[in-house]
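Structure below is protein.cif: mmCIF, C-alpha atoms.
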data_input
loop_
_atom_site.group_PDB
_atom_site.id
_atom_site.type_symbol
_atom_site.label_atom_id
_atom_site.label_comp_id
_atom_site.auth_asym_id
_atom_site.auth_seq_id
_atom_site.Cartn_x
_atom_site.Cartn_y
_atom_site.Cartn_z
ATOM 1 C CA MET A 292 14.900 -105.233 -84.901
ATOM 2 C CA SER A 293 15.236 -103.721 -88.369
ATOM 3 C CA PHE A 294 12.590 -106.124 -89.717
ATOM 4 C CA PHE A 295 10.181 -105.056 -86.965
ATOM 5 C CA LEU A 296 10.820 -101.396 -87.783
ATOM 6 C CA GLU A 297 10.295 -101.988 -91.497
ATOM 7 C CA THR A 298 6.985 -103.711 -90.770
ATOM 8 C CA LEU A 299 5.915 -100.953 -88.386
ATOM 9 C CA VAL A 300 6.861 -98.133 -90.760
ATOM 10 C CA GLY A 301 5.139 -99.866 -93.671
ATOM 11 C CA GLY A 302 1.987 -100.160 -91.572
ATOM 12 C CA LEU A 303 2.127 -96.517 -90.525
ATOM 13 C CA LEU A 304 2.491 -95.422 -94.154
ATOM 14 C CA ALA A 305 -0.542 -97.498 -95.094
ATOM 15 C CA GLY A 306 -2.356 -96.007 -92.112
ATOM 16 C CA VAL A 307 -1.915 -92.492 -93.480
ATOM 17 C CA MET A 308 -3.772 -93.560 -96.629
ATOM 18 C CA TYR A 309 -6.517 -95.096 -94.469
ATOM 19 C CA SER A 310 -6.796 -91.753 -92.695
ATOM 20 C CA LEU A 311 -7.227 -89.975 -96.009
ATOM 21 C CA VAL A 312 -10.252 -92.100 -96.882
ATOM 22 C CA ALA A 313 -11.704 -91.703 -93.387
ATOM 23 C CA ILE A 314 -11.476 -87.914 -93.520
ATOM 24 C CA GLY A 315 -13.943 -87.862 -96.421
ATOM 25 C CA PHE A 316 -16.485 -89.418 -94.054
ATOM 26 C CA VAL A 317 -15.576 -87.144 -91.140
ATOM 27 C CA LEU A 318 -16.071 -83.914 -93.086
ATOM 28 C CA ILE A 319 -19.569 -84.800 -94.265
ATOM 29 C CA TYR A 320 -20.692 -86.390 -90.993
ATOM 30 C CA LYS A 321 -19.444 -83.423 -88.983
ATOM 31 C CA ALA A 322 -21.245 -80.916 -91.201
ATOM 32 C CA SER A 323 -24.538 -82.693 -91.794
ATOM 33 C CA GLY A 324 -24.731 -85.808 -89.635
ATOM 34 C CA ILE A 325 -24.812 -87.985 -92.770
ATOM 35 C CA PHE A 326 -22.685 -91.128 -92.949
ATOM 36 C CA ASN A 327 -21.820 -91.027 -96.640
ATOM 37 C CA PHE A 328 -21.468 -94.669 -97.655
ATOM 38 C CA ALA A 329 -21.046 -93.462 -101.265
ATOM 39 C CA GLN A 330 -17.546 -92.155 -100.471
ATOM 40 C CA GLY A 331 -16.034 -95.420 -101.717
ATOM 41 C CA SER A 332 -17.846 -95.084 -105.047
ATOM 42 C CA MET A 333 -16.630 -91.496 -105.301
ATOM 43 C CA VAL A 334 -13.066 -92.777 -104.884
ATOM 44 C CA LEU A 335 -13.634 -95.264 -107.715
ATOM 45 C CA PHE A 336 -15.280 -92.684 -109.983
ATOM 46 C CA ALA A 337 -12.395 -90.243 -109.482
ATOM 47 C CA ALA A 338 -9.716 -92.811 -110.298
ATOM 48 C CA LEU A 339 -11.653 -94.173 -113.272
ATOM 49 C CA THR A 340 -12.287 -90.707 -114.686
ATOM 50 C CA PHE A 341 -8.621 -89.752 -114.423
ATOM 51 C CA VAL A 342 -7.285 -92.949 -115.982
ATOM 52 C CA THR A 343 -9.880 -92.799 -118.784
ATOM 53 C CA LEU A 344 -8.779 -89.266 -119.671
ATOM 54 C CA ARG A 345 -5.138 -90.336 -119.578
ATOM 55 C CA GLU A 346 -5.876 -93.257 -121.903
ATOM 56 C CA ALA A 347 -7.551 -90.752 -124.232
ATOM 57 C CA GLU A 348 -4.114 -89.082 -124.413
ATOM 58 C CA TRP A 349 -4.870 -86.137 -122.158
ATOM 59 C CA GLY A 350 -1.815 -84.714 -120.414
ATOM 60 C CA PHE A 351 -1.363 -85.408 -116.707
ATOM 61 C CA ALA A 352 -2.164 -81.875 -115.528
ATOM 62 C CA PRO A 353 -5.252 -81.357 -117.765
ATOM 63 C CA ALA A 354 -6.623 -84.787 -116.806
ATOM 64 C CA LEU A 355 -6.050 -84.049 -113.123
ATOM 65 C CA LEU A 356 -7.703 -80.637 -113.335
ATOM 66 C CA ALA A 357 -10.689 -81.955 -115.313
ATOM 67 C CA THR A 358 -11.166 -84.823 -112.846
ATOM 68 C CA LEU A 359 -10.976 -82.417 -109.915
ATOM 69 C CA VAL A 360 -13.657 -80.192 -111.449
ATOM 70 C CA ILE A 361 -15.879 -83.211 -112.164
ATOM 71 C CA MET A 362 -15.507 -84.574 -108.631
ATOM 72 C CA VAL A 363 -16.130 -81.256 -106.886
ATOM 73 C CA LEU A 364 -19.152 -80.401 -109.037
ATOM 74 C CA GLY A 365 -20.462 -83.961 -108.707
ATOM 75 C CA ALA A 366 -20.147 -83.895 -104.919
ATOM 76 C CA ILE A 367 -21.916 -80.539 -104.750
ATOM 77 C CA ALA A 368 -24.687 -81.856 -107.023
ATOM 78 C CA ILE A 369 -25.189 -84.878 -104.767
ATOM 79 C CA GLU A 370 -25.617 -82.617 -101.763
ATOM 80 C CA ARG A 371 -27.904 -80.202 -103.588
ATOM 81 C CA PHE A 372 -30.242 -82.502 -105.472
ATOM 82 C CA VAL A 373 -30.249 -85.717 -103.446
ATOM 83 C CA LEU A 374 -29.391 -85.324 -99.792
ATOM 84 C CA ARG A 375 -30.684 -81.838 -99.033
ATOM 85 C CA ALA A 376 -34.178 -82.994 -99.944
ATOM 86 C CA LEU A 377 -33.848 -85.702 -97.274
ATOM 87 C CA ILE A 378 -32.202 -83.602 -94.593
ATOM 88 C CA ASN A 379 -35.152 -83.808 -92.178
ATOM 89 C CA GLN A 380 -35.451 -87.562 -92.521
ATOM 90 C CA SER A 381 -34.141 -90.137 -90.070
ATOM 91 C CA ASP A 382 -30.484 -91.132 -89.912
ATOM 92 C CA LEU A 383 -31.392 -94.553 -91.280
ATOM 93 C CA THR A 384 -33.126 -92.981 -94.293
ATOM 94 C CA LEU A 385 -30.098 -90.811 -95.015
ATOM 95 C CA PHE A 386 -27.746 -93.774 -94.698
ATOM 96 C CA MET A 387 -29.882 -95.851 -97.068
ATOM 97 C CA ALA A 388 -29.905 -92.937 -99.509
ATOM 98 C CA THR A 389 -26.106 -92.830 -99.598
ATOM 99 C CA LEU A 390 -26.006 -96.636 -99.891
ATOM 100 C CA GLY A 391 -28.274 -96.478 -102.925
ATOM 101 C CA LEU A 392 -26.290 -93.544 -104.272
ATOM 102 C CA SER A 393 -23.103 -95.615 -104.145
ATOM 103 C CA PHE A 394 -24.632 -98.169 -106.521
ATOM 104 C CA VAL A 395 -25.864 -95.389 -108.812
ATOM 105 C CA ILE A 396 -22.353 -93.927 -109.011
ATOM 106 C CA GLU A 397 -20.850 -97.366 -109.694
ATOM 107 C CA GLY A 398 -23.420 -98.007 -112.427
ATOM 108 C CA LEU A 399 -22.780 -94.599 -113.980
ATOM 109 C CA ALA A 400 -19.034 -95.241 -113.933
ATOM 110 C CA GLN A 401 -19.503 -98.597 -115.659
ATOM 111 C CA LEU A 402 -21.899 -97.100 -118.206
ATOM 112 C CA LEU A 403 -19.604 -94.224 -119.132
ATOM 113 C CA MET A 404 -16.163 -95.795 -118.761
ATOM 114 C CA GLY A 405 -16.597 -99.577 -118.784
ATOM 115 C CA ALA A 406 -15.720 -102.221 -116.225
ATOM 116 C CA SER A 407 -12.190 -103.123 -117.353
ATOM 117 C CA VAL A 408 -9.240 -103.040 -114.979
ATOM 118 C CA HIS A 409 -6.922 -100.115 -115.723
ATOM 119 C CA GLU A 410 -3.315 -99.539 -114.771
ATOM 120 C CA LEU A 411 -2.719 -96.133 -113.229
ATOM 121 C CA ASN A 412 0.824 -94.806 -113.421
ATOM 122 C CA LEU A 413 1.623 -91.719 -111.397
ATOM 123 C CA GLY A 414 5.274 -91.791 -112.376
ATOM 124 C CA ILE A 415 6.415 -93.106 -109.002
ATOM 125 C CA ASP A 416 8.466 -96.302 -109.116
ATOM 126 C CA ASP A 417 7.686 -98.884 -106.456
ATOM 127 C CA VAL A 418 11.291 -99.554 -105.477
ATOM 128 C CA PRO A 419 12.842 -99.889 -102.025
ATOM 129 C CA ILE A 420 14.861 -96.992 -100.694
ATOM 130 C CA GLU A 421 17.149 -97.051 -97.692
ATOM 131 C CA THR A 422 15.969 -94.911 -94.797
ATOM 132 C CA GLY A 423 18.412 -95.314 -91.961
ATOM 133 C CA PRO A 424 18.579 -98.986 -90.975
ATOM 134 C CA ILE A 425 15.404 -99.979 -92.832
ATOM 135 C CA LEU A 426 14.094 -100.262 -96.388
ATOM 136 C CA VAL A 427 10.897 -98.447 -97.322
ATOM 137 C CA SER A 428 8.885 -98.574 -100.539
ATOM 138 C CA GLN A 429 9.411 -95.351 -102.476
ATOM 139 C CA PHE A 430 5.797 -95.383 -103.661
ATOM 140 C CA ASP A 431 4.428 -95.967 -100.163
ATOM 141 C CA LEU A 432 6.604 -93.181 -98.762
ATOM 142 C CA LEU A 433 5.638 -90.591 -101.388
ATOM 143 C CA ALA A 434 1.985 -91.640 -101.289
ATOM 144 C CA ALA A 435 1.931 -91.306 -97.491
ATOM 145 C CA LEU A 436 3.643 -87.905 -97.686
ATOM 146 C CA THR A 437 1.072 -86.720 -100.229
ATOM 147 C CA ALA A 438 -1.837 -88.051 -98.189
ATOM 148 C CA GLY A 439 -0.313 -86.694 -94.992
ATOM 149 C CA ALA A 440 0.157 -83.230 -96.479
ATOM 150 C CA LEU A 441 -3.499 -83.147 -97.534
ATOM 151 C CA VAL A 442 -4.663 -84.452 -94.166
ATOM 152 C CA VAL A 443 -2.638 -81.833 -92.259
ATOM 153 C CA SER A 444 -3.793 -79.063 -94.610
ATOM 154 C CA LEU A 445 -7.435 -80.013 -94.141
ATOM 155 C CA SER A 446 -6.961 -80.249 -90.383
ATOM 156 C CA LEU A 447 -5.475 -76.758 -90.244
ATOM 157 C CA PHE A 448 -8.102 -75.383 -92.618
ATOM 158 C CA PHE A 449 -11.038 -76.689 -90.625
ATOM 159 C CA ASN A 450 -9.519 -75.803 -87.256
ATOM 160 C CA LEU A 451 -8.150 -72.320 -87.932
ATOM 161 C CA THR A 452 -10.432 -70.759 -90.537
ATOM 162 C CA ARG A 453 -13.883 -69.232 -90.304
ATOM 163 C CA ILE A 454 -15.310 -72.185 -92.219
ATOM 164 C CA GLY A 455 -13.875 -74.561 -89.648
ATOM 165 C CA ILE A 456 -15.287 -72.550 -86.771
ATOM 166 C CA SER A 457 -18.687 -72.528 -88.472
ATOM 167 C CA LEU A 458 -18.443 -76.278 -88.981
ATOM 168 C CA ARG A 459 -17.798 -76.839 -85.293
ATOM 169 C CA ALA A 460 -20.726 -74.575 -84.434
ATOM 170 C CA ILE A 461 -23.016 -76.627 -86.657
ATOM 171 C CA ALA A 462 -21.794 -79.853 -85.069
ATOM 172 C CA ASP A 463 -22.505 -78.473 -81.585
ATOM 173 C CA ASP A 464 -25.920 -76.896 -82.261
ATOM 174 C CA PRO A 465 -27.283 -76.527 -85.832
ATOM 175 C CA LEU A 466 -30.221 -74.312 -84.820
ATOM 176 C CA ALA A 467 -28.031 -71.941 -82.819
ATOM 177 C CA ALA A 468 -25.546 -71.796 -85.699
ATOM 178 C CA GLN A 469 -28.296 -70.757 -88.109
ATOM 179 C CA SER A 470 -29.589 -68.159 -85.670
ATOM 180 C CA ILE A 471 -26.244 -66.309 -85.758
ATOM 181 C CA GLY A 472 -26.147 -66.205 -89.541
ATOM 182 C CA ILE A 473 -24.246 -69.361 -90.530
ATOM 183 C CA ARG A 474 -25.639 -70.507 -93.874
ATOM 184 C CA LEU A 475 -25.865 -74.280 -93.756
ATOM 185 C CA PRO A 476 -26.368 -74.900 -97.506
ATOM 186 C CA VAL A 477 -23.232 -72.904 -98.378
ATOM 187 C CA LEU A 478 -21.150 -74.754 -95.804
ATOM 188 C CA TRP A 479 -22.520 -78.105 -96.925
ATOM 189 C CA ARG A 480 -21.532 -77.352 -100.524
ATOM 190 C CA ILE A 481 -18.009 -76.467 -99.415
ATOM 191 C CA VAL A 482 -17.680 -79.624 -97.331
ATOM 192 C CA TRP A 483 -19.031 -81.876 -100.078
ATOM 193 C CA GLY A 484 -16.711 -80.212 -102.579
ATOM 194 C CA VAL A 485 -13.733 -80.891 -100.309
ATOM 195 C CA ALA A 486 -14.940 -84.492 -99.943
ATOM 196 C CA GLY A 487 -14.785 -84.735 -103.739
ATOM 197 C CA LEU A 488 -11.165 -83.517 -103.633
ATOM 198 C CA VAL A 489 -10.336 -86.091 -100.954
ATOM 199 C CA ALA A 490 -11.954 -88.815 -103.069
ATOM 200 C CA LEU A 491 -9.784 -87.791 -106.027
ATOM 201 C CA VAL A 492 -6.513 -87.968 -104.106
ATOM 202 C CA ALA A 493 -7.499 -91.250 -102.450
ATOM 203 C CA GLY A 494 -8.593 -92.686 -105.800
ATOM 204 C CA LEU A 495 -5.286 -91.815 -107.468
ATOM 205 C CA LEU A 496 -3.150 -93.218 -104.654
ATOM 206 C CA TRP A 497 -5.153 -96.406 -104.122
ATOM 207 C CA GLY A 498 -5.677 -96.850 -107.869
ATOM 208 C CA ALA A 499 -1.941 -96.621 -108.510
ATOM 209 C CA ARG A 500 -1.333 -99.181 -105.775
ATOM 210 C CA GLN A 501 -4.097 -101.707 -106.589
ATOM 211 C CA GLY A 502 -5.110 -100.880 -110.146
ATOM 212 C CA VAL A 503 -8.269 -99.008 -111.066
ATOM 213 C CA GLN A 504 -11.043 -101.568 -110.684
ATOM 214 C CA PHE A 505 -14.423 -101.783 -109.029
ATOM 215 C CA SER A 506 -12.948 -103.333 -105.895
ATOM 216 C CA LEU A 507 -11.675 -99.823 -105.118
ATOM 217 C CA THR A 508 -15.110 -99.127 -103.664
ATOM 218 C CA LEU A 509 -14.225 -101.551 -100.856
ATOM 219 C CA VAL A 510 -11.696 -99.023 -99.580
ATOM 220 C CA VAL A 511 -14.689 -97.669 -97.672
ATOM 221 C CA LEU A 512 -14.525 -100.772 -95.482
ATOM 222 C CA LYS A 513 -10.973 -99.861 -94.443
ATOM 223 C CA ALA A 514 -12.214 -96.518 -93.211
ATOM 224 C CA LEU A 515 -14.796 -97.982 -90.825
ATOM 225 C CA PRO A 516 -12.343 -99.238 -88.161
ATOM 226 C CA VAL A 517 -10.499 -95.927 -88.404
ATOM 227 C CA LEU A 518 -13.714 -94.010 -87.747
ATOM 228 C CA ILE A 519 -14.714 -96.255 -84.857
ATOM 229 C CA ILE A 520 -11.350 -95.736 -83.166
ATOM 230 C CA GLY A 521 -10.904 -92.037 -83.865
ATOM 231 C CA GLY A 522 -14.503 -90.868 -83.700
ATOM 232 C CA PHE A 523 -16.839 -89.894 -86.520
ATOM 233 C CA THR A 524 -16.440 -86.140 -86.030
ATOM 234 C CA SER A 525 -12.691 -85.694 -85.559
ATOM 235 C CA ILE A 526 -10.047 -85.134 -88.224
ATOM 236 C CA ALA A 527 -7.362 -85.707 -85.585
ATOM 237 C CA GLY A 528 -9.149 -88.936 -84.681
ATOM 238 C CA ALA A 529 -9.045 -90.053 -88.318
ATOM 239 C CA ILE A 530 -5.285 -89.498 -88.338
ATOM 240 C CA VAL A 531 -4.648 -91.358 -85.086
ATOM 241 C CA GLY A 532 -7.115 -94.123 -85.963
ATOM 242 C CA GLY A 533 -5.519 -94.634 -89.369
ATOM 243 C CA LEU A 534 -2.047 -94.924 -87.882
ATOM 244 C CA LEU A 535 -3.228 -97.382 -85.219
ATOM 245 C CA ILE A 536 -5.044 -99.540 -87.741
ATOM 246 C CA GLY A 537 -2.207 -99.484 -90.256
ATOM 247 C CA ALA A 538 0.457 -100.367 -87.687
ATOM 248 C CA SER A 539 -1.525 -103.057 -85.869
ATOM 249 C CA GLU A 540 -2.703 -104.664 -89.103
ATOM 250 C CA SER A 541 0.817 -104.829 -90.528
ATOM 251 C CA LEU A 542 2.365 -106.232 -87.353
ATOM 252 C CA ALA A 543 -0.441 -108.759 -86.887
ATOM 253 C CA GLU A 544 -0.039 -110.019 -90.453
ATOM 254 C CA ILE A 545 3.651 -110.764 -89.859
ATOM 255 C CA TYR A 546 3.640 -111.997 -86.279
ATOM 256 C CA LEU A 547 0.202 -113.605 -85.946
ATOM 257 C CA GLY A 548 -0.525 -114.778 -89.481
ATOM 258 C CA ASP A 549 1.380 -118.040 -89.244
ATOM 259 C CA LEU A 550 0.096 -118.748 -85.735
ATOM 260 C CA LEU A 551 -3.507 -118.330 -86.850
ATOM 261 C CA GLY A 552 -3.084 -120.330 -90.029
ATOM 262 C CA GLY A 553 -3.396 -117.628 -92.686
ATOM 263 C CA SER A 554 -3.733 -113.978 -93.538
ATOM 264 C CA VAL A 555 -5.207 -111.816 -90.805
ATOM 265 C CA SER A 556 -5.076 -108.470 -92.622
ATOM 266 C CA THR A 557 -8.632 -108.872 -93.950
ATOM 267 C CA TRP A 558 -10.214 -108.962 -90.490
ATOM 268 C CA PHE A 559 -7.748 -107.922 -87.783
ATOM 269 C CA ALA A 560 -8.596 -104.209 -88.083
ATOM 270 C CA TYR A 561 -12.207 -104.992 -87.172
ATOM 271 C CA VAL A 562 -11.122 -106.886 -84.064
ATOM 272 C CA VAL A 563 -9.151 -103.839 -82.944
ATOM 273 C CA ALA A 564 -12.103 -101.575 -83.763
ATOM 274 C CA LEU A 565 -14.522 -103.801 -81.826
ATOM 275 C CA ALA A 566 -12.252 -103.675 -78.779
ATOM 276 C CA PHE A 567 -12.255 -99.873 -78.946
ATOM 277 C CA LEU A 568 -16.011 -99.832 -79.486
ATOM 278 C CA LEU A 569 -16.588 -101.854 -76.331
ATOM 279 C CA ALA A 570 -14.146 -99.776 -74.286
ATOM 280 C CA ARG A 571 -14.961 -96.329 -75.665
ATOM 281 C CA PRO A 572 -18.071 -96.221 -77.899
ATOM 282 C CA SER A 573 -17.546 -92.584 -78.940
ATOM 283 C CA GLY A 574 -13.979 -93.213 -80.101
ATOM 284 C CA LEU A 575 -10.778 -91.602 -78.866
ATOM 285 C CA PHE A 576 -11.798 -88.133 -80.034
ATOM 286 C CA GLY A 577 -15.550 -88.583 -80.214
ATOM 287 C CA GLU A 578 -17.672 -85.650 -79.116
ATOM 288 C CA ARG A 579 -20.455 -87.681 -77.574
ATOM 289 C CA ALA A 580 -20.982 -91.240 -76.405
ATOM 290 C CA ILE A 581 -23.341 -93.584 -78.177
ATOM 291 C CA GLU A 582 -26.545 -93.888 -76.212
ATOM 292 C CA ARG A 583 -27.648 -97.347 -75.233
ATOM 293 C CA VAL A 584 -31.272 -98.343 -75.650
#
As structure tokens - that is how I would like this structure written.
Amino acid sequence: MSFFLETLVGGLLAGVMYSLVAIGFVLIYKASGIFNFAQGSMVLFAALTFVTLREAEWGFAPALLATLVIMVLGAIAIERFVLRALINQSDLTLFMATLGLSFVIEGLAQLLMGASVHELNLGIDDVPIETGPILVSQFDLLAALTAGALVVSLSLFFNLTRIGISLRAIADDPLAAQSIGIRLPVLWRIVWGVAGLVALVAGLLWGARQGVQFSLTLVVLKALPVLIIGGFTSIAGAIVGGLLIGASESLAEIYLGDLLGGSVSTWFAYVVALAFLLARPSGLFGERAIERV
């Protein structure tokens, strides 16, 4: 029983970090209807910027602050100079723009900071600690607590503040929101700036776990099943979807891996997501169903 609990808890902790990545997508999609495929590249750029500054002998706090400023300003610049010019274009055009933007960000990161693999040390030892009858990784626990605190803070911020109310109004009816004085460009800049902050935290946590390398951009693929399950417009859905994916993926790896002849963690999340997609196309917390042609 203790082994099952350890596996389940480990999966839930990983799921919190999946939720963190997914929230970056939710914020932008909810505000502008844009599926920002470049979020994964933003995660990479944040981690690479921070570790490069640290290797240049910057202190932890100055490097963190400088990276935060770069990510927020960069996210705002993307919204202002790239995507706002395409705002009246089709969803496919906007998606392709963010897809191309992801490669531009990766190329810029390689040009400025190189393509080497970097070790990122946040000062958290990856050692097991005893939590009741089970052992939990200290790094996974602290990383999940950090990610969870940010997720809860963002959820409260966007649900209880004027900005959050305005965001919901835009999601419901953009034209009506503008008619009552809600300034879309200002709100978009705020949302994209917050997405830059989310990318920074996700980049640090995933970079410390996996190393800072270009495969970090693939973290975007982990967010897709979370979004399908939770819904593309719900922060609460991102939380629930992340927990479901993390738990099911971890349990499947242990209890189904041997039966299926190998690792299942690379694809099992997509099986779960497909099942949800067939049963509930809009996701658990989706605001509208996907129309069939």
If you take only C-alpha atoms and a cut-off of 10 Å, which residues of region 477-516 of chain A touch region 419-434 of chain A, and what are their nearest atom pairs and distances in Å to one decimal, in chain and number order, as a Markdown table?
| residue | atom | partner | partner_atom | distance |
| --- | --- | --- | --- | --- |
| A:Val492 | CA | A:Ala434 | CA | 9.7 |
| A:Ala493 | CA | A:Ala434 | CA | 9.6 |
| A:Leu495 | CA | A:Ala434 | CA | 9.5 |
| A:Leu496 | CA | A:Ala434 | CA | 6.3 |
| A:Trp497 | CA | A:Ala434 | CA | 9.0 |
| A:Ala499 | CA | A:Phe430 | CA | 9.2 |
| A:Arg500 | CA | A:Phe430 | CA | 8.4 |
List the spatial neighbours of Ala543 (chain A) as a PyMOL selection string - criterion: any atom at most 12 Å away, all atoms listed in the file, same-chain residues fewer than 2 positions off excluded.
chain A and resi 295+298-299+302+535-541+545-551+553-560+562-563
Between CA of Val482 (chain A) and CA of Gly398 (chain A), what is the distance, to one decimal in Å?
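The value is 24.5 Å.
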Please report the interatomic distance between CA of Lys321 (chain A) and CA of Ser525 (chain A) in Å with one decimal.
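Interatomic distance, CA of Lys321 (chain A) to CA of Ser525 (chain A): 7.9 Å.
Proximity of A:Gly439, A:Pro572, A:Gly498, A:Gly533 to Leu515 (chain A), computed with only C-alpha atoms, is greatest for A:Gly533.
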Name the residues that the PyMOL selection byres ((chain A and resi 359) around 8) picks from the file above, as a VMD selection string, using the file's chain letters and numbers.
chain A and resid 337 355 to 358 360 to 363 487 to 488 491
Between CA of Tyr320 (chain A) and CA of Leu458 (chain A), distance in Å (one decimal)
10.6 Å
I need the residue set behind the PyMOL selection byres ((chain A and resi 411-413) around 9) for this file; please write it as a list in words.
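Those residues are Ala338, Phe341, Val342, Arg345, Phe351, His409, Glu410, Gly414, Ile415, Asp416, Leu495, Leu496, Gly498, Ala499, Arg500, Gln501, Gly502 and Val503 of chain A.
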Saved selection, atoms kept: C-alpha atoms, as a PDB file, in the frame of the given file:
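Writing the result to selection34.pdb gives the following:
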ATOM      1  CA  ALA A 338      -9.716 -92.811-110.298  1.00  0.00           C
ATOM      2  CA  PHE A 341      -8.621 -89.752-114.423  1.00  0.00           C
ATOM      3  CA  VAL A 342      -7.285 -92.949-115.982  1.00  0.00           C
ATOM      4  CA  ARG A 345      -5.138 -90.336-119.578  1.00  0.00           C
ATOM      5  CA  PHE A 351      -1.363 -85.408-116.707  1.00  0.00           C
ATOM      6  CA  HIS A 409      -6.922-100.115-115.723  1.00  0.00           C
ATOM      7  CA  GLU A 410      -3.315 -99.539-114.771  1.00  0.00           C
ATOM      8  CA  GLY A 414       5.274 -91.791-112.376  1.00  0.00           C
ATOM      9  CA  ILE A 415       6.415 -93.106-109.002  1.00  0.00           C
ATOM     10  CA  ASP A 416       8.466 -96.302-109.116  1.00  0.00           C
ATOM     11  CA  LEU A 495      -5.286 -91.815-107.468  1.00  0.00           C
ATOM     12  CA  LEU A 496      -3.150 -93.218-104.654  1.00  0.00           C
ATOM     13  CA  GLY A 498      -5.677 -96.850-107.869  1.00  0.00           C
ATOM     14  CA  ALA A 499      -1.941 -96.621-108.510  1.00  0.00           C
ATOM     15  CA  ARG A 500      -1.333 -99.181-105.775  1.00  0.00           C
ATOM     16  CA  GLN A 501      -4.097-101.707-106.589  1.00  0.00           C
ATOM     17  CA  GLY A 502      -5.110-100.880-110.146  1.00  0.00           C
ATOM     18  CA  VAL A 503      -8.269 -99.008-111.066  1.00  0.00           C
TER      19      VAL A 503
END
Selected residue of minimal separation from Val517 (chain A) among A:Leu296, A:Val312, A:Ala388, A:Ala467, counting all atoms listed in the file:
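Comparing A:Leu296, A:Val312, A:Ala388, A:Ala467 against Val517 (chain A), the winner is A:Val312.
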In terms of the shortest atom-to-atom distance over only C-alpha atoms, which of A:Leu385, A:Val373, A:Ala406, A:Ala322 is closest to Gly455 (chain A)?
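Comparing A:Leu385, A:Val373, A:Ala406, A:Ala322 against Gly455 (chain A), the winner is A:Ala322.
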Can you sort out the box for region 533-543 of chain A, edges along x, y and z, all listed atoms in, 8 Å on every side, with centre and edge lengths in Å to one decimal, as AutoDock Vina command-line options?
--center_x -1.6 --center_y -101.7 --center_z -87.9 --size_x 23.9 --size_y 30.1 --size_z 21.3
Fewer than 2 positions away in the same chain doesn't count, so skip those; otherwise give me all residues within 12 Å of Gln401 (chain A), counting all atoms listed in the file, as an NGL selection string.
:A and (332 or 335-336 or 339-340 or 343 or 394-399 or 403-408 or 504-505)
Quick one: apply the PyMOL selection byres ((chain A and resi 532) around 9) to the file and drop the selected residues here as a list in words.
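So the PyMOL selection byres ((chain A and resi 532) around 9), applied here, picks out Gly306, Tyr309, Ser310, Pro516, Val517, Leu518, Ile519, Ile520, Gly521, Gly522, Ala527, Gly528, Ala529, Ile530, Val531, Gly533, Leu534, Leu535, Ile536, Gly537 and Leu575 of chain A.
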Here is a test: counting all atoms listed in the file, which residue of A:Gly472, A:Ser323, A:Ala486, A:Phe448 is nearest to Arg375 (chain A)?
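Once distances to Arg375 (chain A) are computed over all atoms listed in the file, the minimum belongs to A:Ser323.
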Counting all atoms listed in the file, the option among A:Leu374, A:Leu390, A:Ala514, A:Leu542 closest to Tyr561 (chain A):
A:Ala514
Go through A:Ile454, A:Thr524, A:Gly350, A:Ile319 and flag the residue nearest Ser573 (chain A), using only C-alpha atoms for the distances.
A:Thr524
Shell around Pro476 (chain A) at 9 Å using only C-alpha atoms, local window under 4 positions removed, as an MDAnalysis selection string
chainID A and resid 370:371 375 480:481
